[in-house]
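Okay, structure first, notes after.
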Amino acid sequence: MPIIGLAPMDGVTDAPFRYIVDLVGKPDIIYTEFVSVKGLILGKPAIQRMLLRHKTKTKMIAQFFGVEPEYFYQAAKVAKDKGFDGIDINMGCPDKSVFHRGAGAGLILQPKLAREIILSVKKAVGNSLTVSVKTRTGYKEHQTKEWIGNLLEAEPDFICLHARTFKQRYSGVADWDQIGIAVDLAKKTKTKIFGNGDIKSRSEALDKIKKYNLGGVLIGRAALGNPWIFQGHVPTTKERFEVIIEHCKKFMEFFPTAHLSIMRKHLGWYAKDFPHAAEIRNELMQVNNIEDVEKIISRVC
Ligand SMILES: Cc1cc2nc3c(=O)[nH]c(=O)nc-3n(C[C@H](O)[C@H](O)[C@H](O)COP(=O)(O)O)c2cc1C
């Protein structure tokens with residue numbers, strides 16, 4: 001069965017959002033935010049909370065970035081012990097701070113190291129967890145054949161291809177024909193290809209899976225404020241508000257010392273498609289605690 005999953009998003013797919021997506025969206029897989037292998041292994045406390053693993057029905061994939069195969073090995077063991085179902089290696093992040101260290105999309109320029117990292121993670125987890133890569137089609141130009149061909153040599157379980165180059169970042173449109181090229185390359189291997197980029201609905205995801213013969217599709221931005229997307233469900237305003245409150249509660253439960261203002265961006269994404277949504281959205285941008293949120297939305301429903 002092809003997979004439809006929540007893409008990793010830094011600052012978004014944290015434990016409370018993962019809880020909500022598992023609860024109402026029930027996709028096939030959910031990714032964490034990307035986690036620095038070096039930060040994790042050297043014991044940065046803030047990083048531990050990025051890997052909070054609560055009990056879920058949905059398979060959870062821990063995504064890591066970095067450059068040292070040895071740290072990837074150790075980080076993969078940590079994620080395995082925490083009960084994650086798969087390890088994903090970020091080879092697509094275009095952020096300067098990550099790229100300049102040679103990590104994320106920087107690995108596109110270091111094909112041998114990229115293979116070593118995959119092999120190191122595979123050695124750490126054996127066949128017990130899936131090992132995958134999430135990447136882009138190339139550095140400045142699409143170089144799908146060489147780059148994906150290189151990754152296939154290390155035999156990851158799947159490769160998720162965001163159909164943009166490093167240089168494009170998020171501009172332009174995703175070129176899904178590049179994903180088709182990757183599928184052709186992987187035909188004679190055991191590696192499955194997942195597609196990613198600009199998917200707006202479950203039906204579009206299913207169409208792409210069929211058209212390109214994919215192992216799966218990941219949805220990112222279209223899931224912001226819309227965990228229902230994985231079911232193809234359009235929520236009522238009541239359902240929307242129930243999820244807002246549940247999300248805030250889980251945020252406080254998972255991160256008891258954090259300030260609820262961190263949740264404001266999610267609240268803004270949820271507050272749409274009902275009367276006076278813009279006004280409510282503005283008010284939600286100022287909340288400091290869950291009582292503020294309850295007060296604002298009680299006026300609507
Ligand atoms: C706010 C934000 C944070 C992201 N963080 C990550 C990340 O941590 N790891 C990663 O592999 N991709 C990251 N991405 C890229 C997405 O996973 C996805 O590849 C991209 O948004 C294209 O898919 P979409 O059009 O469905 O959003 C991020 C994207 C956004 C918008």
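Convention: chains lettered A, B, ... in structure tokens order; per-chain residue numbering from 1; ligands numbered from 1 as shown.
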
Exercise. Can you pull out every residue within 7 Å of stretch 4-10 of chain A, counting only C-alpha atoms, but drop anything in the same chain fewer than 4 positions away, and send it as a list of chain:residue names?
Key: A:Pro27, A:Asp28, A:Ile29, A:Ile30, A:Tyr31, A:Thr32, A:Glu33, A:Phe34, A:Gly216, A:Val217, A:Leu218, A:Ile219, A:Gly220

Quiz prompt | Exercise: stretch 86-101 of chain A partners within 7 Å, only C-alpha atoms, chain neighbours under 3 positions left out, as number ranges by chain | solution = A: 60-65, 76, 104-108, 129-136, 166, 169

Exercise. Considering only C-alpha atoms, return as a list in words whatever protein or nucleic-acid residues lie within 9 Å of A:Lys57, sequence-local ones (same chain, fewer than 6 positions apart) excluded.
Key: Asp22, Leu23, Lys26 and Asp28 of chain A

What does the file look like for those residues with N, CA and C atoms, as a PDB file, in the first residue's frame?
ATOM      1  N   ASP A  22      -1.417  12.548  14.436  1.00  0.00           N
ATOM      2  CA  ASP A  22      -1.723  11.129  14.657  1.00  0.00           C
ATOM      3  C   ASP A  22      -3.193  10.954  15.051  1.00  0.00           C
ATOM      4  N   LEU A  23      -3.676  11.892  15.880  1.00  0.00           N
ATOM      5  CA  LEU A  23      -5.044  11.797  16.410  1.00  0.00           C
ATOM      6  C   LEU A  23      -6.094  12.013  15.325  1.00  0.00           C
ATOM      7  N   LYS A  26      -4.240  10.745  11.055  1.00  0.00           N
ATOM      8  CA  LYS A  26      -3.886   9.328  10.875  1.00  0.00           C
ATOM      9  C   LYS A  26      -3.216   9.050   9.527  1.00  0.00           C
ATOM     10  N   ASP A  28       0.091   7.644   7.241  1.00  0.00           N
ATOM     11  CA  ASP A  28       0.813   6.370   7.393  1.00  0.00           C
ATOM     12  C   ASP A  28       2.128   6.546   8.128  1.00  0.00           C
TER      13      ASP A  28
END

Exercise. Rank nothing, just name the residue among A:His247, A:Lys55, A:Lys80, A:Lys200 nearest to A:Phe230, using only C-alpha atoms.
Key: A:Lys200

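Restricting the calculation to only C-alpha atoms, the smallest distance between A:Pro235 and any of A:Val12, A:Leu161, A:Leu52, A:Val24 is found for A:Val24.
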
Exercise. If you run DSSP over the backbone, which residues in stretch 56-218 of chain A end up strand (DSSP E or B)? Put them as an MDAnalysis selection string.
Key: chainID A and resid 59:65 86:91 130:136 158:162 192:196 216:218

Exercise. Could you give me, as a PyMOL selection string, the residues within 6 Å of A:Cys160, counting only C-alpha atoms and dropping anything in the same chain fewer than 6 positions from it?
Key: chain A and resi 134+193-195

Just write the chosen residues, N, CA, C and O atoms, as a PDB file, in the first residue's frame.
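Saved file result15.pdb follows:
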ATOM      1  N   LYS A 134      15.866  11.940   2.721  1.00  0.00           N
ATOM      2  CA  LYS A 134      14.996  12.954   2.109  1.00  0.00           C
ATOM      3  C   LYS A 134      15.918  13.991   1.482  1.00  0.00           C
ATOM      4  O   LYS A 134      16.793  14.533   2.148  1.00  0.00           O
ATOM      5  N   ILE A 193      10.636   4.960  -4.087  1.00  0.00           N
ATOM      6  CA  ILE A 193      10.743   6.415  -4.220  1.00  0.00           C
ATOM      7  C   ILE A 193       9.442   7.055  -3.747  1.00  0.00           C
ATOM      8  O   ILE A 193       8.339   6.640  -4.143  1.00  0.00           O
ATOM      9  N   PHE A 194       9.587   8.043  -2.867  1.00  0.00           N
ATOM     10  CA  PHE A 194       8.463   8.871  -2.427  1.00  0.00           C
ATOM     11  C   PHE A 194       8.615  10.235  -3.103  1.00  0.00           C
ATOM     12  O   PHE A 194       9.740  10.710  -3.300  1.00  0.00           O
ATOM     13  N   GLY A 195       7.492  10.856  -3.418  1.00  0.00           N
ATOM     14  CA  GLY A 195       7.530  12.190  -4.022  1.00  0.00           C
ATOM     15  C   GLY A 195       7.097  13.247  -3.025  1.00  0.00           C
ATOM     16  O   GLY A 195       6.349  12.972  -2.088  1.00  0.00           O
TER      17      GLY A 195
END

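One finds atom CA of A:Ser120 at 15.1 Å from atom CA of A:Ile41.
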
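Distance-wise, atom CA of A:Asp157 and atom CA of A:Gly172 end up 29.1 Å apart.
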
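Separating atom CA of A:Val183 from atom CA of A:Glu146 is a distance of 13.4 Å.
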
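Minimum atom-to-atom distance to ligand 1, evaluated using only C-alpha atoms and all ligand atoms, belongs to A:Asn196 out of A:Ser128, A:Thr237, A:Thr58, A:Asn196.
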
Exercise. Could you find all residues in stretch 45-261 of chain A that DSSP calls helix (DSSP H, G or I) from the backbone, and write them as a ChimeraX atom specification?
Key: /A:45-51,69-81,96-99,104-109,111-125,144-153,176-186,202-212,221-223,227-231,237-254,260-261

Quiz item: Got a sec: who's within 9 Å of A:Leu119, counting only C-alpha atoms, leaving out chain neighbours fewer than 5 positions off, as an NGL selection string?
Solution: :A and (69 or 114 or 124 or 154-156)

Write out, as a CSV table (one decimal), in the first residue's frame, the residues just selected, with N, CA, C and O atoms.
chain,number,residue,atom,x,y,z
A,69,PRO,N,29.5,10.3,10.1
A,69,PRO,CA,28.9,9.0,10.1
A,69,PRO,C,28.8,8.4,11.5
A,69,PRO,O,27.8,7.8,11.9
A,114,ALA,N,27.8,10.9,1.6
A,114,ALA,CA,26.4,10.7,1.7
A,114,ALA,C,26.1,9.1,1.8
A,114,ALA,O,25.3,8.7,2.7
A,124,ALA,N,23.8,0.6,12.3
A,124,ALA,CA,23.3,0.8,13.6
A,124,ALA,C,22.0,0.1,13.9
A,124,ALA,O,21.7,-0.4,15.0
A,154,ALA,N,23.8,2.7,-2.0
A,154,ALA,CA,23.8,2.4,-0.5
A,154,ALA,C,22.5,1.7,-0.1
A,154,ALA,O,22.4,1.4,1.1
A,155,GLU,N,21.6,1.5,-1.0
A,155,GLU,CA,20.4,0.7,-0.7
A,155,GLU,C,19.5,1.2,0.5
A,155,GLU,O,19.3,0.4,1.4
A,156,PRO,N,19.2,2.4,0.5
A,156,PRO,CA,18.2,2.8,1.6
A,156,PRO,C,16.8,2.2,1.3
A,156,PRO,O,16.6,1.8,0.2

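Restricting the calculation to only C-alpha atoms and all ligand atoms, the smallest distance between ligand 1 and any of A:Thr191, A:Gln48, A:Asn289, A:Thr137 is found for A:Thr137.
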